[in-house]
Every structure is written in structure tokens, then in C-alpha cells.
Amino acid sequence: MARRGNAMSRLSRNHQLLCDLLSLPTAPFAESAVVAYVRAFCEARGLEATPDAAGNLLVHLRQGRRRVARPVCITAHLDHPGFVASAMGRGGRLTAYWRGGVPPEYFVGRAVRFAVDGRWVRGRIRSIRTVIRNGQRRVDTALLLGVARPVPVGAVGMWDFGDPVIRGTRIYARACDDLAGAAAMLCCLDTLVTLEHPCEAYFLFTRAEEVGFIGAIAAARARTIPRRCVVVAMETSSERPHARMGDGPILRVGDRASAFTPAATAYCHRIARGLQRADRGFVFQRKLMDGGTCESSAYCTLGYEATGLCIALGNYHNVNARRRTLGPEYVDLRDFDNVVKWFVELARAPHPYTGRDEALEEQLAELERTYAALLAATSEVGRSGVAMTRGRRPTGRGSAAPSRSARRRAHA
Ligand SMILES: [Zn+2]
């Protein structure tokens, strides 16, 4: 359904893939079009996309002789806030469930398009029914009028915006969150397979994130992701004053709910710094993105070592708050390209994850080595010569020189 014009014909392979994915209909618990796309994509490359009991898709890519003890598992969700048709009535009336986080005041009067047999069927919202969920008033169902053709129960409805359009360095679409994340994973897989990079990595495509990462919780409970993996959850995340679009993909140290596994965050940071040294076009940011809660918090809470990456998103959940209206979401293509590079490097794992932040440990040890003598010589205890004897325990006033075991810890 992607528009193919002059602009499209010049698209890179990755941007074409992004456009394809951003054209698909999707909603929480109604991701079948995207699931089918991912499965066909994998099949065409000889990869197996294995569904778990919840319908999340897992791809395990192992190429060459490389065996990684703790491989990365990159994940993104396949849904976006949207409608699911629940009952077609007479006279073009349609009732649909709403699933996702958009404030009620944006609904009445808006046009919605439903995907029916590869075509769009439009209607306009006449009224909504709201409920209180988690202390907030949320839309539960909407009544639409003027629906010209029958819409079967289960059909996906999305806000009535056109297919993806590229303007300057940005791409505008009905849904970037999180189809752009899933597209970046497919671009990474495509690169790894095409260039035959030796690697070992897992890729998990999850369902129903927009109502509370239900697919991710199910995947963590079922151990869909092997326990030995370090999980990197990819999101599009609302642009913030301190995390701007175009300034590079963002390494998240945490979200609104929690701080992620420090060693996992440090690992992604180390990979990014390595990329930056080799590629001047690679830029990235490292931020606390506390606008919302993401799947990484669920993975951390449910026993995984996990962190998150994201790219800044405009019109988050299609809400243009400044103009108090709805609009297409958008992301920066340079951020997208750089996150694909980041994924490829995480999967190639030049220095595989160990569960520790060796770079910081090394840095601390180096500082300790540099200043140990000065510290000892200038401390009260050091000057008086007490407790300078190697192996003797300090007598309650602290040791002057770092003990041998402390140094060993720092090197460990
Ligand atoms: Zn999302």
C-alpha cells in the first residue's frame, strides 16, 4: 500500500522496507497483517520466525562459526493504538473497540479507515463510550457512521491518514510507533543475511504493547527469549526537549517506571562508541526517556537483563498536542538508519555481553592505580605510617593503600 512515486523510486532498500511496514494496518491484539509480513520476509531469506503461545514471533539468527555465550535479543512491538471492528449495523453504522492511549477529546468527528480485504473502508466517529481504567478516563468503544461497505468483526481501524510520505529527512505515517522499530529489526536482519556477517542474535516481535506490553509479559513468562540473552527493546518515543529528532537514536538508561540493567545499557553504549570511532555519520544520544513506560521495564522486572533504544517520535500516538488535533506520526530517517547500524553491530557482537561493565571497571582500576600512592601519602593514616603494612587489616580508621583484594575486585 506504500505510495510509489518519483521520491519512492529513489528510496534505499531499507527505506523501502520501512515504507512497506508503515503502510500496514495494525492495532493491539490485531497485528496479523504485520505478522504475515514478518513471516514472509523471513521465509524469503531462509529464516525461521517461530511464534510462541502468545503469537509473538522469535527469529534466531546464527551465521558462520560464531558462538556467543550471551547474545543480544532485539525486540520491538507490532501494534499501534487503533480500532478493532466489533459489530456492523444497518445504514452504515459500525461499532469498534478502541485500544491504546489517546485522550477521549480527540475522537468525535474524526475519520477512521478500516482495512477490509486489502482496501480501506472509511467512516466517521459519531460518539464514544468511555470507561475509567487505572484512574483515567479512556475510550472503550466508538460508534462510526457513513461506513459504505460491510466491515467484518475483527477488522483493524486506523486514523484516516495517507500512506507514508517522505519530506526532507522525515517520514510521516499513520503509525511509526512501533512499526519503525520492527522495520529497523528487519533491515538489520536483511543486512546481516545479505553481507553474511558471522553473528548470533535473537529478534523478537511482540504483540499488544499499547495496552500494557501484554505480548512482552507473556514472552518473558514463557521464556520465549532464552535466559542467557541480553534484551534490547526498541521503541519510538515521544520527542523531548533534551532528546531531539535527528540528533541520533537514543540509548535509554530508563523510562518512567524504572532504570534498566546498568551493564546492558553500558554494553549498548560501548558498541555505539565503537561505531562512532569507525563511522563519522553515526551519532547517538544517551538519555533518561521518562515520558512513558516501555517493554524494557517489564523484561527487567521479570528476570531479564535488559535495556532500551529508541528514536524520537513526532505526534506521539498521532496526537499533535500543540494544535489540539490528530496527525500522522513522524520520525527522522537519519535516526532510523543509525539505529539499523547499531542493531547490526549489537548482533555481530565484536565484544560480546558479559553482564559487567568492563570499560568502567577498567577506568576505575586505572584511576586507583594512578592515585593510590598520592592518596596514601596524603592521608592522615598514611603520613603517620599506621596500617601501611601489606596484609594488615585496618583498625577502624580506614586503610591507606588499596588492599590487594580491592585491586583484584577492580580488575575482575
Ligand atoms: Zn510503542
# chains A, B, ... in the order shown; residues from 1 in each chain; ligands from 1

$ residues_near_ligand --ligand "ligand 1" --cutoff "10 Å" --atoms "only C-alpha atoms and all ligand atoms" --output "ChimeraX atom specification"
/A:76-81,175-181,208-210,213,234-238,292-295,310,313,316-317

$ write_last_selection --atoms "C-alpha atoms" --output "short mmCIF file (atom, residue, chain, number, x, y, z; two decimals), in the first residue's frame"
data_model
loop_
_atom_site.label_atom_id
_atom_site.label_comp_id
_atom_site.auth_asym_id
_atom_site.auth_seq_id
_atom_site.Cartn_x
_atom_site.Cartn_y
_atom_site.Cartn_z
CA ALA A 76 10.00 -4.27 19.06
CA HIS A 77 6.22 -4.35 19.14
CA LEU A 78 3.97 -4.82 16.13
CA ASP A 79 0.88 -2.90 17.24
CA HIS A 80 -0.16 0.74 17.34
CA PRO A 81 -3.13 2.41 19.09
CA ALA A 175 1.80 4.54 12.62
CA CYS A 176 5.55 4.83 13.29
CA ASP A 177 5.18 3.52 16.86
CA ASP A 178 6.44 0.84 16.77
CA LEU A 179 6.38 -0.31 13.16
CA ALA A 180 9.50 1.77 12.60
CA GLY A 181 11.19 -0.24 15.36
CA ALA A 208 -0.28 -5.82 22.20
CA GLU A 209 2.22 -3.39 23.72
CA GLU A 210 -0.10 -0.40 23.57
CA PHE A 213 3.09 -4.70 26.91
CA MET A 234 13.42 -0.83 20.63
CA GLU A 235 10.79 1.90 20.72
CA THR A 236 9.80 5.12 19.11
CA SER A 237 9.47 7.55 21.98
CA SER A 238 7.93 11.00 22.15
CA GLY A 292 6.28 6.62 29.33
CA THR A 293 6.95 3.04 30.35
CA CYS A 294 8.33 0.58 27.81
CA GLU A 295 8.83 -3.16 27.46
CA CYS A 310 14.55 4.43 20.76
CA LEU A 313 8.89 10.41 17.54
CA TYR A 316 3.29 10.58 19.55
CA HIS A 317 0.20 8.35 19.26
#

$ select_by_dssp --residues "region 248-399 of chain A" --states "alpha helix (DSSP H)" --output "number ranges by chain"
A: 262-278, 295-301, 333-348, 358-378, 380-384

$ residues_around --residues "Val193 (chain A)" --least-positions-apart "2" --cutoff "10 Å" --atoms "only C-alpha atoms" --output "PyMOL selection string"
chain A and resi 45-47+61-63+187-191+195-199

$ closest_residue --among "A:Val116, A:Leu24, A:Val72, A:Val34" --to "Ala155 (chain A)" --atoms "only C-alpha atoms"
A:Val116

$ select_by_dssp --residues "region 158-198 of chain A" --states "strand (DSSP E)" --output "number ranges by chain"
A: 158-159, 165-167, 170-173

$ residues_around --residues "Cys268 (chain A)" --least-positions-apart "3" --cutoff "9 Å" --atoms "only C-alpha atoms" --output "mmCIF file with N, CA and C atoms, in the first residue's frame"
data_model
loop_
_atom_site.group_PDB
_atom_site.id
_atom_site.type_symbol
_atom_site.label_atom_id
_atom_site.label_comp_id
_atom_site.auth_asym_id
_atom_site.auth_seq_id
_atom_site.Cartn_x
_atom_site.Cartn_y
_atom_site.Cartn_z
ATOM 1 N N VAL A 232 17.389 -5.986 24.344
ATOM 2 C CA VAL A 232 17.399 -4.579 23.946
ATOM 3 C C VAL A 232 16.057 -4.279 23.275
ATOM 4 N N LEU A 251 19.955 5.866 23.409
ATOM 5 C CA LEU A 251 20.127 4.783 24.376
ATOM 6 C C LEU A 251 19.401 5.210 25.642
ATOM 7 N N ALA A 263 24.586 -2.750 33.288
ATOM 8 C CA ALA A 263 25.581 -3.393 32.403
ATOM 9 C C ALA A 263 25.055 -3.512 30.982
ATOM 10 N N ALA A 264 23.742 -3.713 30.835
ATOM 11 C CA ALA A 264 23.153 -3.833 29.500
ATOM 12 C C ALA A 264 23.200 -2.483 28.785
ATOM 13 N N THR A 265 22.895 -1.420 29.532
ATOM 14 C CA THR A 265 22.969 -0.079 28.963
ATOM 15 C C THR A 265 24.420 0.248 28.592
ATOM 16 N N ILE A 271 29.182 -0.363 22.356
ATOM 17 C CA ILE A 271 29.029 -0.675 20.929
ATOM 18 C C ILE A 271 28.873 0.618 20.124
ATOM 19 N N ALA A 272 28.089 1.560 20.664
ATOM 20 C CA ALA A 272 27.845 2.829 19.963
ATOM 21 C C ALA A 272 29.128 3.652 19.856
ATOM 22 N N ARG A 273 29.916 3.670 20.926
ATOM 23 C CA ARG A 273 31.174 4.437 20.885
ATOM 24 C C ARG A 273 32.122 3.838 19.856
ATOM 25 N N THR A 307 17.824 -3.471 28.446
ATOM 26 C CA THR A 307 17.899 -2.022 28.290
ATOM 27 C C THR A 307 17.057 -1.640 27.082
ATOM 28 N N GLY A 308 17.121 -0.361 26.683
ATOM 29 C CA GLY A 308 16.267 0.065 25.583
ATOM 30 C C GLY A 308 16.948 1.051 24.655
ATOM 31 N N LEU A 309 16.548 1.006 23.397
ATOM 32 C CA LEU A 309 16.935 2.026 22.425
ATOM 33 C C LEU A 309 15.645 2.624 21.885
ATOM 34 N N TRP A 342 23.362 0.321 14.500
ATOM 35 C CA TRP A 342 23.561 -0.054 15.913
ATOM 36 C C TRP A 342 23.133 -1.506 16.134
ATOM 37 N N LEU A 346 25.320 -4.709 17.363
ATOM 38 C CA LEU A 346 24.925 -5.473 18.563
ATOM 39 C C LEU A 346 24.826 -6.960 18.235
#

$ closest_residue --among "A:Thr370, A:Gln136, A:Gln363, A:Gln276" --to "Glu345 (chain A)" --atoms "only C-alpha atoms"
A:Gln276

$ closest_residue --among "A:Leu326, A:Ala44, A:Ala243, A:Ala321" --to "Asp160 (chain A)" --atoms "only C-alpha atoms"
A:Leu326

$ closest_residue --among "A:Val283, A:Ile217, A:Leu367, A:Val381" --to "Gly303 (chain A)" --atoms "only C-alpha atoms"
A:Ile217

$ atom_distance --atom1 "CA of Gly162 (chain A)" --atom2 "CA of Ile125 (chain A)"
18.0 Å

$ atom_distance --atom1 "CA of Ala233 (chain A)" --atom2 "CA of Ile74 (chain A)"
5.8 Å

$ residues_around --residues "region 349-353 of chain A" --least-positions-apart "2" --cutoff "10 Å" --atoms "only C-alpha atoms" --output "short mmCIF file (atom, residue, chain, number, x, y, z; two decimals) with C-alpha atoms, in the first residue's frame"
data_model
loop_
_atom_site.label_atom_id
_atom_site.label_comp_id
_atom_site.auth_asym_id
_atom_site.auth_seq_id
_atom_site.Cartn_x
_atom_site.Cartn_y
_atom_site.Cartn_z
CA ARG A 66 30.47 -17.58 15.76
CA ARG A 67 29.03 -18.79 19.07
CA VAL A 68 28.11 -16.08 21.54
CA ALA A 69 27.59 -17.06 25.18
CA ARG A 70 25.26 -14.14 25.88
CA PRO A 71 23.73 -12.98 22.59
CA VAL A 72 21.55 -9.91 22.21
CA PRO A 198 29.18 -14.07 11.34
CA CYS A 199 26.85 -13.44 14.26
CA GLU A 200 24.42 -14.84 16.77
CA ALA A 201 21.36 -12.87 17.82
CA ARG A 228 21.21 -16.10 28.53
CA CYS A 229 20.23 -13.18 26.26
CA VAL A 230 20.66 -9.50 26.98
CA ALA A 263 25.58 -3.39 32.40
CA ALA A 264 23.15 -3.83 29.50
CA ALA A 266 26.76 0.16 29.23
CA TYR A 267 27.08 -2.61 26.67
CA CYS A 268 24.99 -0.75 24.09
CA ARG A 270 30.25 0.68 24.29
CA ILE A 271 29.03 -0.67 20.93
CA GLY A 274 32.95 1.84 18.75
CA PHE A 343 21.46 -3.24 15.72
CA VAL A 344 23.84 -4.82 13.19
CA GLU A 345 26.79 -4.15 15.50
CA LEU A 346 24.92 -5.47 18.56
CA ALA A 347 24.16 -8.66 16.64
CA GLY A 355 26.86 -8.90 32.34
CA ARG A 356 29.51 -6.49 33.59
CA ASP A 357 30.67 -3.02 32.63
CA GLU A 358 34.33 -3.84 31.95
#

$ decode --residues "region 97-178 of chain A" --atoms "C-alpha atoms" --output "compact mmCIF listing (two decimals), in the first residue's frame"
# COMPACT_ATOMS: atom_id res chain seq x y z
CA TYR A 97 -13.31 -1.21 20.16
CA TRP A 98 -10.58 1.32 20.80
CA ARG A 99 -7.26 0.07 22.19
CA GLY A 100 -4.41 2.36 23.16
CA GLY A 101 -3.54 5.67 24.79
CA VAL A 102 -5.24 8.63 23.09
CA PRO A 103 -7.28 11.12 25.17
CA PRO A 104 -11.09 10.96 24.60
CA GLU A 105 -11.39 14.58 23.39
CA TYR A 106 -9.69 13.70 20.10
CA PHE A 107 -12.29 11.18 18.85
CA VAL A 108 -15.69 12.57 17.95
CA GLY A 109 -15.87 13.85 14.37
CA ARG A 110 -12.64 12.13 13.26
CA ALA A 111 -12.46 9.90 10.18
CA VAL A 112 -11.24 6.33 10.56
CA ARG A 113 -10.25 3.81 7.86
CA PHE A 114 -10.75 0.06 8.25
CA ALA A 115 -8.67 -2.49 6.35
CA VAL A 116 -11.02 -4.89 4.54
CA ASP A 117 -9.60 -7.36 2.00
CA GLY A 118 -6.68 -5.11 1.06
CA ARG A 119 -8.85 -1.99 0.67
CA TRP A 120 -9.77 0.82 3.04
CA VAL A 121 -13.36 1.42 4.14
CA ARG A 122 -13.95 4.78 5.83
CA GLY A 123 -16.32 6.03 8.46
CA ARG A 124 -16.60 8.96 10.85
CA ILE A 125 -16.89 8.81 14.64
CA ARG A 126 -20.29 9.91 15.87
CA SER A 127 -19.91 9.11 19.56
CA ILE A 128 -17.73 7.28 22.05
CA ARG A 129 -18.23 5.26 25.21
CA THR A 130 -15.63 5.79 27.90
CA VAL A 131 -14.61 3.83 30.99
CA ILE A 132 -12.26 4.51 33.89
CA ARG A 133 -9.10 2.43 33.63
CA ASN A 134 -6.22 2.84 36.07
CA GLY A 135 -7.82 6.03 37.31
CA GLN A 136 -8.01 7.60 33.85
CA ARG A 137 -10.97 8.12 31.54
CA ARG A 138 -10.33 6.01 28.46
CA VAL A 139 -12.26 5.39 25.26
CA ASP A 140 -13.69 1.87 25.20
CA THR A 141 -15.81 1.82 22.02
CA ALA A 142 -16.70 4.22 19.22
CA LEU A 143 -19.77 4.41 17.02
CA LEU A 144 -18.98 5.28 13.40
CA LEU A 145 -21.41 6.46 10.73
CA GLY A 146 -21.24 6.61 6.93
CA VAL A 147 -19.45 3.29 6.55
CA ALA A 148 -20.11 2.49 2.87
CA ARG A 149 -19.22 -1.22 2.79
CA PRO A 150 -19.59 -4.03 5.32
CA VAL A 151 -16.67 -4.20 7.79
CA PRO A 152 -16.21 -7.67 9.26
CA VAL A 153 -15.76 -8.17 13.00
CA GLY A 154 -12.03 -8.04 13.84
CA ALA A 155 -11.07 -5.64 11.00
CA VAL A 156 -8.38 -3.11 12.00
CA GLY A 157 -9.24 0.58 12.01
CA MET A 158 -6.71 3.41 11.98
CA TRP A 159 -6.93 7.20 11.84
CA ASP A 160 -7.62 8.27 8.27
CA PHE A 161 -4.15 9.41 7.20
CA GLY A 162 -2.47 8.53 3.89
CA ASP A 163 0.34 6.10 3.17
CA PRO A 164 3.90 7.01 4.20
CA VAL A 165 5.35 10.21 2.76
CA ILE A 166 8.96 11.37 2.94
CA ARG A 167 9.56 15.09 3.35
CA GLY A 168 13.14 16.18 3.77
CA THR A 169 14.75 13.83 6.25
CA ARG A 170 11.44 12.82 7.86
CA ILE A 171 8.92 10.12 7.14
CA TYR A 172 5.24 10.68 8.05
CA ALA A 173 2.90 7.74 8.53
CA ARG A 174 -0.33 6.56 10.19
CA ALA A 175 1.80 4.54 12.62
CA CYS A 176 5.55 4.83 13.29
CA ASP A 177 5.18 3.52 16.86
CA ASP A 178 6.44 0.84 16.77
